[in-house]
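S.K.: Have a look at this one before I ask anything.
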Amino acid sequence: MKFSEQWLRSWVDPQLDSEQLAHLLTMAGLEVEENEPAAPAFDNVFVAEVLSIAKHPDADRLNICSVNVGEAEPITIVCGAPNVAAGLKVPCARIGANLPGDFKIKRAKVRGVESSGMLCAGDELGIPDDADGLLILPADAPVGMPIRDYLNLDDRLLTLKLTPNRADCLSIKGIAREVAALTGAEAKPVVAPAVAPTLDDVRTVSLRAGEACPRYLGRVLRNVNTQAATPDWMKQRLLRSGIRSISPVVDVTNYVLLEQGQPMHAFDLAKIDGGIHVRFAVAGEALTLLNEKEIKLDADMLVIADDKKALALAGVMGGLDSSVGDATRELFLESAYFAPAVIAGKGRRLGFSSDSAHRFERGVDFGACRDALERATQLILEICGGDAGPVTEAVAELPARKPVALRVSRVAKVLGVQLAAEEIVAILGRIGLPTALAGDVITVTPPSFRFDIEIEEDLIEEVARVYGYENIPVAASNAKLAMLPLPGDARCKMALKHLLVARDYREAINYAFVEAKWEADFAANATPVKLINPIASQMSVMRSTLIGGLVAALKHNLNRKQERVRLFEVARVFNGVAAEVQPERISALAWGARAPEQWGTGKDKVDFFDLKADVEALIAPRVAEFRRANHPALHPGRAAEVVLDGAVIGVLGELHPQWVQAYELGQAPVLFELDVAALLSVQRIKAEAVSKFQPVRRDLALVVDESVSVAELQAAFATVKNPIVTEVALFDVYRGKGVEDGKKSLAFKVLIQDTRKTLTDDEVDAAVNQLLRKAETCGAMLRA
């Protein structure tokens, strides 16, 4: 919500400067996101009148102007603006003026003619203006008056970042009510008197969807001059609120929206056939909106219609065919309340939004519809003339305002401040909440403009923010703090994060709702969990894998010329809506060089085995098995599933070339994704004496088929539970002379050691023979 501070101060003017006012609103829960001047700083610029112009003798595009700046004698200014003409009122920068951009006005000769100032365009003063040339002022602008005073350029523009529950502050009326309550300053609201009808003309209104639109008011206006000029004061307030002037009728409805918080719409009465009907659309019904977008209406979309056709998409945007144009002389002006649930999401479904939808989907004041209609009627008649008919109103069951009980003792317990019941009643009364006190309980019936007051905590929040968060003392907590016990065979998730950070990764945090294409690409998931009301079209489903988010983060980094990327994420994935199918995963991605650029290492690219080492570090001291696997996101020949204690806990591999090309990554990243739950249990620490006896090393060179993996042999060796065998590790792979085609030689280092005695040759040979027998079960034989 953007608005002019001077406009707000016309309603309520507290003894605070702009910064203090912004701080007050922010501390009361109405965050001021921006506080900026209406125009940049400049001085010595005045309203001037061009008395006469003559062509410059030495320049075709320059004019010599005689200008009245409010002094006894006119001054001469050389001007090249294409729209300069005698009789115009324009801004004039006098000698010594300082304009935006550190531009100083000095006396100068232009092609031999002395110029005593400069006539200014809007952009030269930092004022938005569509004119090609000078900023043309109204004919009644007082000559000699400082332009800053005349155009109210010392105003400031405030932008509120409101939470969705505070729709009551999406208007000057609502903000003024808050400021008056917070400061005690007198509020001077604009109250429009009821316009006495001078016509008998009415249009009947029927509510065919009373639950969606429980209140609808309309009025006929005739003999309206839609080509009248919108007053400058209204244009200025609209422009400073981010809305451009269009036509007087549209400007009035926009002005009332900003002032009163009530969205309104005006129809061309001549284009309405019969009465007004508020109904749900017929599926497939077509409507061309004011933005010239033709839409097919769904059955859950509410429309304003006449006897033959739909006229507007209720609460979102009017229709083009019934819109007000230059030839319009008769209006039907509407003011209505639409249920938020009916309006919410409709604009986003169609790919656009509007100021009206923004307010209706949050909830407008259903008790102020008539006041807004009277205000709009008053302004239209003042600006455009015409005659007004009586107000036609149709009412169904309005939202119930259920009383909420507030305990005085509960306020003290939650806030830590002892407030008397009378003081709490006064605070609530200042923000327009009617109260009834009975002993320790204050009963509040929320007014029609407050949809967010439903439970006791809502009222406590109101008391806190009006009383002032800064006035609530900070007290030390009485709660006892103690570290939670952590069993010796478990570790926390933070340990996993610390380990990856220590291995040069950075944590990423991505949205849990993602693009449906990611699910198809990276998980081959054709039926992901869909969101009923997604915040954006590319965030329509819940993720079942973390890979898509990491690939998108990689792409984001590559677009910013990062040469090495290492990211990880710990988060839940969603294979269904039930809690048991929402496991937590840890996923990491590495792209680029193995190590940061330096003189001591080469420029080798990160590969499968680099991330395999990271996975092993996460699992250590337990040992996982890695088996060849097929995964929709990974390269079919460079991917493995990670097996721990006989269960598959995740995957590891290089991204599939198809997705490397589709997502324009240049080279394939390597990534893994594991179940967090499997990594949180660890083996208990066992203390063992350090052996005083020398270890014995034997090397076993085993010939196996190419299809036999090292992991299979290692798994077989692991089943040998001989306590004196302390390590079996691969140290060489050989293919070539002496080894048959289709076979390979795997050389293992075997360390044998006892902590209590020196081993004999027989004991060492027995241990080695045990390993050989296990290797033979995998088709291995000792190399000759």
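Every chain in the structure tokens has a letter given in the order shown (A, B, ...), and although residue numbers restart at 1 in each chain, ligands are simply numbered from 1 in the order shown.
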Please, which residues in range 437-494 of chain A fall within 9 Å of range 28-44 of chain A when counting only C-alpha atoms, and what is the closest atom pair and distance in Å to one decimal for each, ordered by chain then residue number, as CSV?
M.R.:
residue,atom,partner,partner_atom,distance
A:Glu462,CA,A:Ala28,CA,8.9
A:Ala464,CA,A:Ala28,CA,8.7
A:Arg465,CA,A:Ala28,CA,4.9
A:Val466,CA,A:Ala28,CA,6.5
A:Gly468,CA,A:Ala28,CA,7.1
A:Tyr469,CA,A:Ala28,CA,7.8
S.K.: With only C-alpha atoms as the basis for distance, which of A:Leu496, A:Ala281, A:Leu25, A:Leu406 is at the shortest distance from Ala176 in chain A?
M.R.: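 Selected residue with least distance to Ala176 in chain A: A:Leu25.
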S.K.: For a quick check of understanding, using only C-alpha atoms, which of A:Val441, A:Leu88, A:Val764, A:Ile53 has the smallest distance to Val425 in chain A?
M.R.: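 Nearest candidate to Val425 in chain A out of A:Val441, A:Leu88, A:Val764, A:Ile53: A:Val441.
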S.K.: When distances are computed from only C-alpha atoms, which of A:Ala266, A:Met317, A:Cys120, A:Val364 shows the smallest separation from Leu170 in chain A?
M.R.: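 Selected residue with least distance to Leu170 in chain A: A:Val364.
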S.K.: For Gln6 in chain A, which residue out of A:Glu616, A:Glu211, A:Asp355, A:Asp154 is the nearest one, using only C-alpha atoms?
M.R.: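 Answer, going by the shortest atom-to-atom distance: A:Asp154.
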S.K.: Range 625-636 of chain A: which residues within 7 Å, counting only C-alpha atoms, same-chain residues fewer than 4 positions away excluded, as a ChimeraX atom specification?
M.R.: /A:521-524,640-644,653-657,711
S.K.: So what do you get for CA of Arg208 in chain A versus CA of Ala368 in chain A, distance-wise?
M.R.: 22.1 Å
S.K.: Taking 5 positions as the minimum chain separation for residues in the same chain, which residues sit within 12 Å of Arg684 in chain A when counting only C-alpha atoms? Answer as a PyMOL selection string.
M.R.: chain A and resi 487-491+620-622
S.K.: Would you mind listing what lies within 10 Å of Asp149 in chain A as a list in words, with only C-alpha atoms counted and same-chain residues fewer than 4 positions away left out?
M.R.: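 Contacts, with the query itself left out: Phe46, Val47, Met145, Leu153, Asp154 and Asp155 of chain A.
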S.K.: With distances taken over only C-alpha atoms, which of A:Lys188, A:Lys402, A:His556, A:Arg572 is nearest to Ser544 in chain A?
M.R.: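 Going through A:Lys188, A:Lys402, A:His556, A:Arg572 one by one, the smallest distance to Ser544 in chain A is for A:Arg572.
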